[in-house]
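Here's query35.pdb, which has PDB, C-alpha atoms:
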MODEL        1
ATOM      1  CA  MET A   1     188.125 116.615 -29.432
ATOM      2  CA  ILE A   2     191.216 118.639 -28.449
ATOM      3  CA  LEU A   3     189.264 121.915 -28.576
ATOM      4  CA  ARG A   4     186.748 120.512 -26.106
ATOM      5  CA  GLU A   5     189.584 119.441 -23.796
ATOM      6  CA  ILE A   6     191.172 122.887 -24.048
ATOM      7  CA  GLY A   7     187.795 124.463 -23.258
ATOM      8  CA  ASN A   8     187.329 122.141 -20.276
ATOM      9  CA  PHE A   9     190.816 122.969 -19.049
ATOM     10  CA  LEU A  10     190.199 126.710 -19.364
ATOM     11  CA  ALA A  11     186.907 126.356 -17.478
ATOM     12  CA  PHE A  12     188.720 124.313 -14.820
ATOM     13  CA  ILE A  13     191.390 126.963 -14.242
ATOM     14  CA  VAL A  14     188.819 129.780 -14.229
ATOM     15  CA  VAL A  15     186.801 127.976 -11.549
ATOM     16  CA  LEU A  16     189.982 127.297  -9.552
ATOM     17  CA  GLY A  17     190.995 130.931  -9.921
ATOM     18  CA  ILE A  18     187.661 132.171  -8.597
ATOM     19  CA  LEU A  19     187.601 129.656  -5.739
ATOM     20  CA  SER A  20     191.203 130.414  -4.768
ATOM     21  CA  HIS A  21     190.481 134.152  -4.741
ATOM     22  CA  VAL A  22     187.455 133.691  -2.484
ATOM     23  CA  LEU A  23     189.439 131.373  -0.210
ATOM     24  CA  GLY A  24     192.403 133.743  -0.068
ATOM     25  CA  GLU A  25     190.222 136.708   0.824
ATOM     26  CA  ALA A  26     188.350 134.671   3.471
ATOM     27  CA  ILE A  27     191.450 133.669   5.423
ATOM     28  CA  PRO A  28     191.590 135.758   8.606
ATOM     29  CA  ARG A  29     194.886 137.622   8.533
ATOM     30  CA  ASP A  30     195.149 137.740  12.319
ATOM     31  CA  ALA A  31     195.254 133.923  12.367
ATOM     32  CA  ILE A  32     198.430 133.853  10.295
ATOM     33  CA  ARG A  33     201.659 133.145  12.149
ATOM     34  CA  PHE A  34     204.442 134.052   9.749
ATOM     35  CA  ASP A  35     207.032 133.016  12.335
ATOM     36  CA  LYS A  36     205.739 129.418  12.431
ATOM     37  CA  PHE A  37     205.641 126.460  10.057
ATOM     38  CA  PRO A  38     205.031 126.444   7.127
ATOM     39  CA  TYR A  39     205.870 130.118   6.629
ATOM     40  CA  VAL A  40     209.113 130.401   8.546
ATOM     41  CA  PRO A  41     212.098 130.313   6.174
ATOM     42  CA  ASN A  42     213.990 127.049   5.844
ATOM     43  CA  LYS A  43     217.731 127.090   6.519
ATOM     44  CA  TRP A  44     218.474 126.047   2.944
ATOM     45  CA  GLU A  45     216.660 129.162   1.679
ATOM     46  CA  ASN A  46     219.360 131.230   3.401
ATOM     47  CA  GLY A  47     217.168 134.272   3.982
ATOM     48  CA  GLY A  48     216.094 134.313   0.329
ATOM     49  CA  ASN A  49     219.617 134.031  -1.090
ATOM     50  CA  PHE A  50     218.780 130.623  -2.574
ATOM     51  CA  TYR A  51     216.246 132.360  -4.821
ATOM     52  CA  LYS A  52     218.764 135.022  -5.823
ATOM     53  CA  LYS A  53     220.861 132.219  -7.306
ATOM     54  CA  LEU A  54     217.832 131.433  -9.473
ATOM     55  CA  ARG A  55     217.837 135.081 -10.597
ATOM     56  CA  ILE A  56     214.376 135.700  -9.132
ATOM     57  CA  GLU A  57     214.795 139.469  -9.327
ATOM     58  CA  ALA A  58     215.117 139.183 -13.110
ATOM     59  CA  TRP A  59     211.816 137.365 -13.663
ATOM     60  CA  LYS A  60     209.473 137.844 -10.694
ATOM     61  CA  ARG A  61     207.898 141.069 -11.960
ATOM     62  CA  ALA A  62     207.119 139.454 -15.313
ATOM     63  CA  LEU A  63     204.618 137.086 -13.671
ATOM     64  CA  PRO A  64     201.010 138.167 -13.236
ATOM     65  CA  ASP A  65     199.958 139.656  -9.898
ATOM     66  CA  LYS A  66     196.215 139.648  -9.330
ATOM     67  CA  SER A  67     196.505 142.535  -6.853
ATOM     68  CA  ARG A  68     197.491 144.807  -9.766
ATOM     69  CA  TYR A  69     194.045 144.304 -11.292
ATOM     70  CA  MET A  70     191.717 143.700  -8.342
ATOM     71  CA  ARG A  71     190.997 146.934  -6.492
ATOM     72  CA  THR A  72     189.760 145.092  -3.411
ATOM     73  CA  MET A  73     193.074 143.300  -2.891
ATOM     74  CA  VAL A  74     196.011 144.641  -0.906
ATOM     75  CA  LYS A  75     198.637 145.911  -3.329
ATOM     76  CA  LYS A  76     201.822 143.881  -2.975
ATOM     77  CA  THR A  77     204.140 146.878  -2.853
ATOM     78  CA  LEU A  78     205.600 148.905  -0.004
ATOM     79  CA  GLY A  79     204.402 152.169  -1.470
ATOM     80  CA  GLU A  80     204.664 155.204   0.765
ATOM     81  CA  ASP A  81     203.191 153.526   3.852
ATOM     82  CA  ARG A  82     206.184 152.274   5.839
ATOM     83  CA  SER A  83     204.281 151.643   9.087
ATOM     84  CA  SER A  84     204.687 148.360  10.961
ATOM     85  CA  LYS A  85     200.971 147.721  10.494
ATOM     86  CA  HIS A  86     201.276 147.938   6.688
ATOM     87  CA  ILE A  87     204.469 145.866   6.550
ATOM     88  CA  LYS A  88     202.891 143.194   8.756
ATOM     89  CA  ARG A  89     199.900 143.091   6.415
ATOM     90  CA  LEU A  90     202.224 142.579   3.440
ATOM     91  CA  ILE A  91     203.920 139.714   5.281
ATOM     92  CA  GLU A  92     200.528 138.161   5.977
ATOM     93  CA  GLU A  93     199.619 138.555   2.309
ATOM     94  CA  THR A  94     202.758 136.621   1.323
ATOM     95  CA  CYS A  95     201.605 133.819   3.620
ATOM     96  CA  VAL A  96     198.108 133.766   2.124
ATOM     97  CA  ALA A  97     199.475 133.836  -1.420
ATOM     98  CA  GLU A  98     201.873 131.011  -0.651
ATOM     99  CA  MET A  99     199.107 128.916   0.923
ATOM    100  CA  VAL A 100     196.775 129.471  -2.025
ATOM    101  CA  HIS A 101     199.457 128.561  -4.565
ATOM    102  CA  TRP A 102     200.355 125.392  -2.636
ATOM    103  CA  LEU A 103     196.675 124.422  -2.698
ATOM    104  CA  LEU A 104     196.449 125.144  -6.430
ATOM    105  CA  LEU A 105     199.561 123.056  -7.004
ATOM    106  CA  LEU A 106     197.974 120.175  -5.094
ATOM    107  CA  VAL A 107     194.563 120.339  -6.804
ATOM    108  CA  GLY A 108     195.981 120.681 -10.321
ATOM    109  CA  PRO A 109     195.911 116.896 -10.845
ATOM    110  CA  LEU A 110     192.133 116.954 -10.310
ATOM    111  CA  PHE A 111     191.843 118.021 -13.947
ATOM    112  CA  ARG A 112     192.563 114.391 -14.757
ATOM    113  CA  LEU A 113     189.084 113.590 -13.390
ATOM    114  CA  ILE A 114     187.747 115.564 -16.355
ATOM    115  CA  SER A 115     190.328 114.481 -18.902
ATOM    116  CA  ASN A 116     192.397 111.342 -18.608
ATOM    117  CA  SER A 117     193.921 111.845 -22.046
ATOM    118  CA  VAL A 118     197.551 112.720 -22.690
ATOM    119  CA  PHE A 119     196.448 116.361 -22.904
ATOM    120  CA  GLY A 120     194.796 116.094 -19.481
ATOM    121  CA  VAL A 121     197.899 114.584 -17.906
ATOM    122  CA  ILE A 122     200.232 117.183 -19.421
ATOM    123  CA  ALA A 123     197.870 120.085 -18.678
ATOM    124  CA  SER A 124     197.412 119.081 -15.032
ATOM    125  CA  ILE A 125     201.173 118.682 -14.515
ATOM    126  CA  LEU A 126     201.962 122.007 -16.163
ATOM    127  CA  TYR A 127     199.197 123.787 -14.250
ATOM    128  CA  SER A 128     200.458 122.412 -10.953
ATOM    129  CA  LEU A 129     204.055 123.321 -11.733
ATOM    130  CA  SER A 130     203.032 126.826 -12.834
ATOM    131  CA  ASN A 131     202.369 127.610  -9.165
ATOM    132  CA  VAL A 132     205.964 126.946  -8.093
ATOM    133  CA  PRO A 133     207.363 130.340  -9.212
ATOM    134  CA  PHE A 134     204.635 132.137  -7.235
ATOM    135  CA  ILE A 135     205.499 130.135  -4.122
ATOM    136  CA  MET A 136     209.157 130.988  -4.652
ATOM    137  CA  ILE A 137     208.362 134.706  -4.889
ATOM    138  CA  GLN A 138     206.521 134.645  -1.558
ATOM    139  CA  ARG A 139     209.333 132.723   0.117
ATOM    140  CA  TYR A 140     211.881 135.148  -1.320
ATOM    141  CA  ASN A 141     210.018 138.307  -0.295
ATOM    142  CA  ARG A 142     208.923 137.259   3.193
ATOM    143  CA  PRO A 143     212.318 137.169   4.991
ATOM    144  CA  ARG A 144     213.203 140.570   3.575
ATOM    145  CA  LEU A 145     209.843 141.997   4.651
ATOM    146  CA  ILE A 146     210.226 140.467   8.120
ATOM    147  CA  ASP A 147     213.674 142.050   8.526
ATOM    148  CA  PHE A 148     212.224 145.407   7.483
ATOM    149  CA  TYR A 149     209.235 144.916   9.798
ATOM    150  CA  LEU A 150     211.486 144.286  12.798
ATOM    151  CA  LYS A 151     213.510 147.422  12.026
ATOM    152  CA  ILE A 152     210.316 149.468  11.738
ATOM    153  CA  LEU A 153     209.050 148.094  15.071
ATOM    154  CA  VAL A 154     212.278 149.205  16.766
ATOM    155  CA  ARG A 155     212.083 152.628  15.128
ATOM    156  CA  GLU A 156     208.437 153.040  16.163
ATOM    157  CA  ALA A 157     209.239 151.927  19.734
ATOM    158  CA  LEU A 158     212.091 154.447  19.965
ATOM    159  CA  THR A 159     209.882 157.191  18.543
ATOM    160  CA  HIS A 160     207.120 156.300  21.015
ATOM    161  CA  GLU A 161     209.555 156.433  23.945
ATOM    162  CA  ASN A 162     210.917 159.800  22.897
ATOM    163  CA  PRO A 163     208.317 161.495  20.678
ATOM    164  CA  HIS A 164     210.042 164.906  20.926
ATOM    165  CA  PRO A 165     213.787 164.368  20.685
ATOM    166  CA  VAL A 166     215.947 167.266  21.802
ATOM    167  CA  GLN A 167     217.380 169.102  18.847
ATOM    168  CA  GLN A 168     221.005 170.183  19.021
TER     169      GLN A 168
ENDMDL
END
Will you turn the file into structure tokens for me?
Amino acid sequence: MILREIGNFLAFIVVLGILSHVLGEAIPRDAIRFDKFPYVPNKWENGGNFYKKLRIEAWKRALPDKSRYMRTMVKKTLGEDRSSKHIKRLIEETCVAEMVHWLLLLVGPLFRLISNSVFGVIASILYSLSNVPFIMIQRYNRPRLIDFYLKILVREALTHENPHPVQQ
């Protein structure tokens, strides 16, 4: 009995994983407004400092990142490309990831439609809660990326105004 429930749960999370990936990739990035609700940082987050108190830097890299394994996904690192276009895309990716993890958190209880046993209740709660750290990571990274993005925009604007500065 329990093995069947475990199998059903694994099938449930695989289906959710596939659906969430397709949904995440289908969201038009140009429709994302990272400066508007729900993506704009809350005051209590204090520019990500709230998450530093939870020692996010110590554990965030230990969590799985699908972009490390899926070649078609945007890698969630700065890398060598420090252009405003690339940084903006990373910010948009944090918004998409946050949205997808909120949706997964909300649909986790649907597993109870398959299994109303104690296992089903516990599994659906744990699955839903497992999305919280991923949401926290996005909300921690986004304000820092936005600050960097704004600095890059200024630098690019200054470079565009004076593409050949006089050397002394």
Requested in this report: Evaluate the PyMOL selection byres ((chain A and resi 20) around 10) and record the selected residues as a list in words, following the chain and residue labels used in the document.
Outcome: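 Taken over the shown coordinates, the PyMOL selection byres ((chain A and resi 20) around 10) returns Val14, Val15, Leu16, Gly17, Ile18, Leu19, His21, Val22, Leu23, Gly24, Glu25, Ala26, Ala97, Met99, Val100, His101, Leu103 and Leu104 of chain A.
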Same residues, C-alpha atoms, saved as a CSV table (one decimal), keeping the file's coordinate frame:
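Wrote it out as selection07.csv, contents follow:
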chain,number,residue,atom,x,y,z
A,14,VAL,CA,188.8,129.8,-14.2
A,15,VAL,CA,186.8,128.0,-11.5
A,16,LEU,CA,190.0,127.3,-9.6
A,17,GLY,CA,191.0,130.9,-9.9
A,18,ILE,CA,187.7,132.2,-8.6
A,19,LEU,CA,187.6,129.7,-5.7
A,21,HIS,CA,190.5,134.2,-4.7
A,22,VAL,CA,187.5,133.7,-2.5
A,23,LEU,CA,189.4,131.4,-0.2
A,24,GLY,CA,192.4,133.7,-0.1
A,25,GLU,CA,190.2,136.7,0.8
A,26,ALA,CA,188.4,134.7,3.5
A,97,ALA,CA,199.5,133.8,-1.4
A,99,MET,CA,199.1,128.9,0.9
A,100,VAL,CA,196.8,129.5,-2.0
A,101,HIS,CA,199.5,128.6,-4.6
A,103,LEU,CA,196.7,124.4,-2.7
A,104,LEU,CA,196.4,125.1,-6.4
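The nearest approach to Leu110 (chain A) among the residues A:Ser83, A:Phe12, A:Gly7, A:Gln138, with all atoms listed in the file taken into account, belongs to A:Phe12.
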Query raised in the report: Contacts of region 88-90 of chain A at 9 Å or less, counting all atoms listed in the file, minus same-chain residues fewer than 5 places along, as number ranges by chain?
Result: A: 29, 74-78, 83, 95, 142, 145-146, 149
Query raised in the report: So how many Å separate CA of Lys36 (chain A) and CA of Ile152 (chain A), to one decimal?
Result: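 Going from CA of Lys36 (chain A) over to CA of Ile152 (chain A), I get 20.6 Å.
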Could you expand the PyMOL selection byres ((chain A and resi 5) around 12) into the explicit residues it covers here, written as a compact mmCIF listing (two decimals) with C-alpha atoms, in the frame of the given file?
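New file selection-v1.txt:
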# COMPACT_ATOMS: atom_id res chain seq x y z
CA MET A 1 188.12 116.62 -29.43
CA ILE A 2 191.22 118.64 -28.45
CA LEU A 3 189.26 121.92 -28.58
CA ARG A 4 186.75 120.51 -26.11
CA ILE A 6 191.17 122.89 -24.05
CA GLY A 7 187.80 124.46 -23.26
CA ASN A 8 187.33 122.14 -20.28
CA PHE A 9 190.82 122.97 -19.05
CA LEU A 10 190.20 126.71 -19.36
CA ALA A 11 186.91 126.36 -17.48
CA PHE A 12 188.72 124.31 -14.82
CA PHE A 111 191.84 118.02 -13.95
CA ARG A 112 192.56 114.39 -14.76
CA LEU A 113 189.08 113.59 -13.39
CA ILE A 114 187.75 115.56 -16.36
CA SER A 115 190.33 114.48 -18.90
CA ASN A 116 192.40 111.34 -18.61
CA SER A 117 193.92 111.84 -22.05
CA VAL A 118 197.55 112.72 -22.69
CA PHE A 119 196.45 116.36 -22.90
CA GLY A 120 194.80 116.09 -19.48
CA VAL A 121 197.90 114.58 -17.91
CA ILE A 122 200.23 117.18 -19.42
CA ALA A 123 197.87 120.08 -18.68
CA SER A 124 197.41 119.08 -15.03
Query - Residue with smallest distance to Phe34 (chain A) - pool A:Glu93, A:Lys66, A:Asn131, A:His160, counting all atoms listed in the file - result: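 Distance minimum relative to Phe34 (chain A) lands on A:Glu93.
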Query - Residues near Gly48 (chain A), cut-off 8 Å, all atoms listed in the file, skip fewer than 2 positions along chain, as number ranges by chain - result: A: 45-46, 50-52, 139-141, 143-144
Query raised in the report: Which of these residues is nearest to Ile27 (chain A), using all atoms listed in the file: A:Val96, A:Met73, A:Leu54, A:Ile91?
Result: A:Val96
**Report entry** the PyMOL selection byres ((chain A and resi 153) around 12) applied to the shown file, residues as a list in words
**Finding:**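 Matching residues under the PyMOL selection byres ((chain A and resi 153) around 12) are Arg82, Ser83, Ser84, Lys85, His86, Ile87, Lys88, Ile146, Asp147, Phe148, Tyr149, Leu150, Lys151, Ile152, Val154, Arg155, Glu156, Ala157, Leu158, Thr159 and His160 of chain A.
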Query raised in the report: Do you have the CA of Pro109 (chain A)-CA of Val132 (chain A) distance handy?
Result: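 The value is 14.5 Å.
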Report task. For CA of Ser128 (chain A) and CA of Ser67 (chain A), determine how far apart the two atoms are, in Å to one decimal place. Result -> 20.9 Å
Give me region 12-135 of chain A from this structure - C-alpha atoms, as an mmCIF file, in the first residue's frame.
data_model
loop_
_atom_site.group_PDB
_atom_site.id
_atom_site.type_symbol
_atom_site.label_atom_id
_atom_site.label_comp_id
_atom_site.auth_asym_id
_atom_site.auth_seq_id
_atom_site.Cartn_x
_atom_site.Cartn_y
_atom_site.Cartn_z
ATOM 1 C CA PHE A 12 2.694 13.421 -9.259
ATOM 2 C CA ILE A 13 5.878 15.431 -8.706
ATOM 3 C CA VAL A 14 7.339 14.342 -12.057
ATOM 4 C CA VAL A 15 4.196 15.527 -13.854
ATOM 5 C CA LEU A 16 4.254 18.798 -11.887
ATOM 6 C CA GLY A 17 7.931 19.226 -12.700
ATOM 7 C CA ILE A 18 7.335 18.783 -16.422
ATOM 8 C CA LEU A 19 4.279 21.054 -16.435
ATOM 9 C CA SER A 20 6.056 23.744 -14.412
ATOM 10 C CA HIS A 21 9.035 23.654 -16.781
ATOM 11 C CA VAL A 22 6.799 24.058 -19.830
ATOM 12 C CA LEU A 23 4.879 26.860 -18.115
ATOM 13 C CA GLY A 24 8.060 28.623 -17.020
ATOM 14 C CA GLU A 25 9.544 28.497 -20.502
ATOM 15 C CA ALA A 26 6.264 29.711 -22.060
ATOM 16 C CA ILE A 27 6.022 32.881 -19.982
ATOM 17 C CA PRO A 28 6.973 35.837 -22.190
ATOM 18 C CA ARG A 29 9.903 37.547 -20.506
ATOM 19 C CA ASP A 30 9.002 40.954 -21.918
ATOM 20 C CA ALA A 31 5.693 40.796 -20.020
ATOM 21 C CA ILE A 32 7.469 40.592 -16.675
ATOM 22 C CA ARG A 33 7.563 43.761 -14.598
ATOM 23 C CA PHE A 34 10.137 43.142 -11.894
ATOM 24 C CA ASP A 35 9.481 46.602 -10.454
ATOM 25 C CA LYS A 36 5.806 45.799 -9.764
ATOM 26 C CA PHE A 37 3.875 43.506 -7.439
ATOM 27 C CA PRO A 38 4.480 40.670 -6.697
ATOM 28 C CA TYR A 39 8.163 40.903 -7.610
ATOM 29 C CA VAL A 40 9.109 44.199 -6.027
ATOM 30 C CA PRO A 41 10.883 43.639 -2.697
ATOM 31 C CA ASN A 42 8.861 44.085 0.474
ATOM 32 C CA LYS A 43 10.152 46.542 3.072
ATOM 33 C CA TRP A 44 10.572 43.759 5.621
ATOM 34 C CA GLU A 45 12.960 41.966 3.238
ATOM 35 C CA ASN A 46 15.313 44.940 3.624
ATOM 36 C CA GLY A 47 16.952 44.545 0.224
ATOM 37 C CA GLY A 48 17.637 40.857 0.877
ATOM 38 C CA ASN A 49 19.172 41.377 4.324
ATOM 39 C CA PHE A 50 16.302 39.451 5.927
ATOM 40 C CA TYR A 51 17.493 36.359 4.055
ATOM 41 C CA LYS A 52 21.089 36.930 5.136
ATOM 42 C CA LYS A 53 19.887 36.513 8.718
ATOM 43 C CA LEU A 54 18.656 33.075 7.644
ATOM 44 C CA ARG A 55 22.175 32.348 6.355
ATOM 45 C CA ILE A 56 20.945 31.922 2.776
ATOM 46 C CA GLU A 57 24.459 32.213 1.367
ATOM 47 C CA ALA A 58 25.439 29.089 3.312
ATOM 48 C CA TRP A 59 22.730 26.839 1.859
ATOM 49 C CA LYS A 60 21.372 28.262 -1.407
ATOM 50 C CA ARG A 61 23.950 26.594 -3.657
ATOM 51 C CA ALA A 62 23.215 23.203 -2.102
ATOM 52 C CA LEU A 63 19.694 23.213 -3.575
ATOM 53 C CA PRO A 64 19.111 21.855 -7.066
ATOM 54 C CA ASP A 65 19.031 24.308 -9.971
ATOM 55 C CA LYS A 66 17.405 22.925 -13.098
ATOM 56 C CA SER A 67 19.317 25.399 -15.283
ATOM 57 C CA ARG A 68 22.537 23.529 -14.413
ATOM 58 C CA TYR A 69 21.205 20.453 -16.210
ATOM 59 C CA MET A 70 18.913 21.795 -18.935
ATOM 60 C CA ARG A 71 20.920 23.245 -21.810
ATOM 61 C CA THR A 72 17.931 25.164 -23.150
ATOM 62 C CA MET A 73 17.498 27.153 -19.937
ATOM 63 C CA VAL A 74 19.231 30.425 -19.126
ATOM 64 C CA LYS A 75 22.068 29.732 -16.708
ATOM 65 C CA LYS A 76 21.426 31.497 -13.411
ATOM 66 C CA THR A 77 24.910 32.960 -13.109
ATOM 67 C CA LEU A 78 26.417 36.284 -14.129
ATOM 68 C CA GLY A 79 29.233 34.635 -16.022
ATOM 69 C CA GLU A 80 31.335 36.896 -18.200
ATOM 70 C CA ASP A 81 28.396 38.713 -19.803
ATOM 71 C CA ARG A 82 27.883 41.843 -17.703
ATOM 72 C CA SER A 83 25.644 43.653 -20.210
ATOM 73 C CA SER A 84 22.385 45.257 -19.087
ATOM 74 C CA LYS A 85 20.520 42.952 -21.463
ATOM 75 C CA HIS A 86 21.939 39.834 -19.764
ATOM 76 C CA ILE A 87 21.408 41.175 -16.240
ATOM 77 C CA LYS A 88 17.815 42.113 -17.083
ATOM 78 C CA ARG A 89 17.248 38.589 -18.385
ATOM 79 C CA LEU A 90 18.571 37.150 -15.115
ATOM 80 C CA ILE A 91 16.187 39.398 -13.182
ATOM 81 C CA GLU A 92 13.310 38.199 -15.347
ATOM 82 C CA GLU A 93 14.373 34.604 -14.729
ATOM 83 C CA THR A 94 14.188 35.195 -10.963
ATOM 84 C CA CYS A 95 10.621 36.416 -11.453
ATOM 85 C CA VAL A 96 9.654 33.371 -13.518
ATOM 86 C CA ALA A 97 11.281 31.000 -11.035
ATOM 87 C CA GLU A 98 9.517 32.677 -8.136
ATOM 88 C CA MET A 99 6.153 32.513 -9.916
ATOM 89 C CA VAL A 100 6.593 28.838 -10.775
ATOM 90 C CA HIS A 101 7.580 27.928 -7.215
ATOM 91 C CA TRP A 102 4.596 29.832 -5.790
ATOM 92 C CA LEU A 103 2.337 27.873 -8.146
ATOM 93 C CA LEU A 104 3.971 24.587 -7.131
ATOM 94 C CA LEU A 105 3.521 25.509 -3.482
ATOM 95 C CA LEU A 106 -0.171 26.174 -4.110
ATOM 96 C CA VAL A 107 -0.853 23.002 -6.125
ATOM 97 C CA GLY A 108 1.023 20.698 -3.745
ATOM 98 C CA PRO A 109 -2.159 19.960 -1.761
ATOM 99 C CA LEU A 110 -3.731 18.535 -4.934
ATOM 100 C CA PHE A 111 -1.849 15.321 -4.174
ATOM 101 C CA ARG A 112 -4.506 14.742 -1.537
ATOM 102 C CA LEU A 113 -6.956 14.128 -4.406
ATOM 103 C CA ILE A 114 -4.883 11.030 -5.171
ATOM 104 C CA SER A 115 -4.085 10.051 -1.603
ATOM 105 C CA ASN A 116 -6.111 11.132 1.388
ATOM 106 C CA SER A 117 -4.076 8.961 3.740
ATOM 107 C CA VAL A 118 -1.714 10.279 6.394
ATOM 108 C CA PHE A 119 1.103 9.783 3.876
ATOM 109 C CA GLY A 120 -0.772 11.893 1.317
ATOM 110 C CA VAL A 121 -1.347 14.706 3.796
ATOM 111 C CA ILE A 122 2.273 14.737 4.975
ATOM 112 C CA ALA A 123 3.676 14.389 1.445
ATOM 113 C CA SER A 124 1.556 17.240 0.073
ATOM 114 C CA ILE A 125 2.516 19.542 2.962
ATOM 115 C CA LEU A 126 6.210 18.735 2.652
ATOM 116 C CA TYR A 127 6.135 19.121 -1.132
ATOM 117 C CA SER A 128 4.459 22.507 -0.852
ATOM 118 C CA LEU A 129 6.878 23.694 1.816
ATOM 119 C CA SER A 130 9.865 22.463 -0.209
ATOM 120 C CA ASN A 131 9.222 25.350 -2.611
ATOM 121 C CA VAL A 132 9.725 28.031 0.050
ATOM 122 C CA PRO A 133 13.562 27.989 -0.040
ATOM 123 C CA PHE A 134 13.496 28.450 -3.830
ATOM 124 C CA ILE A 135 11.173 31.437 -3.479
#
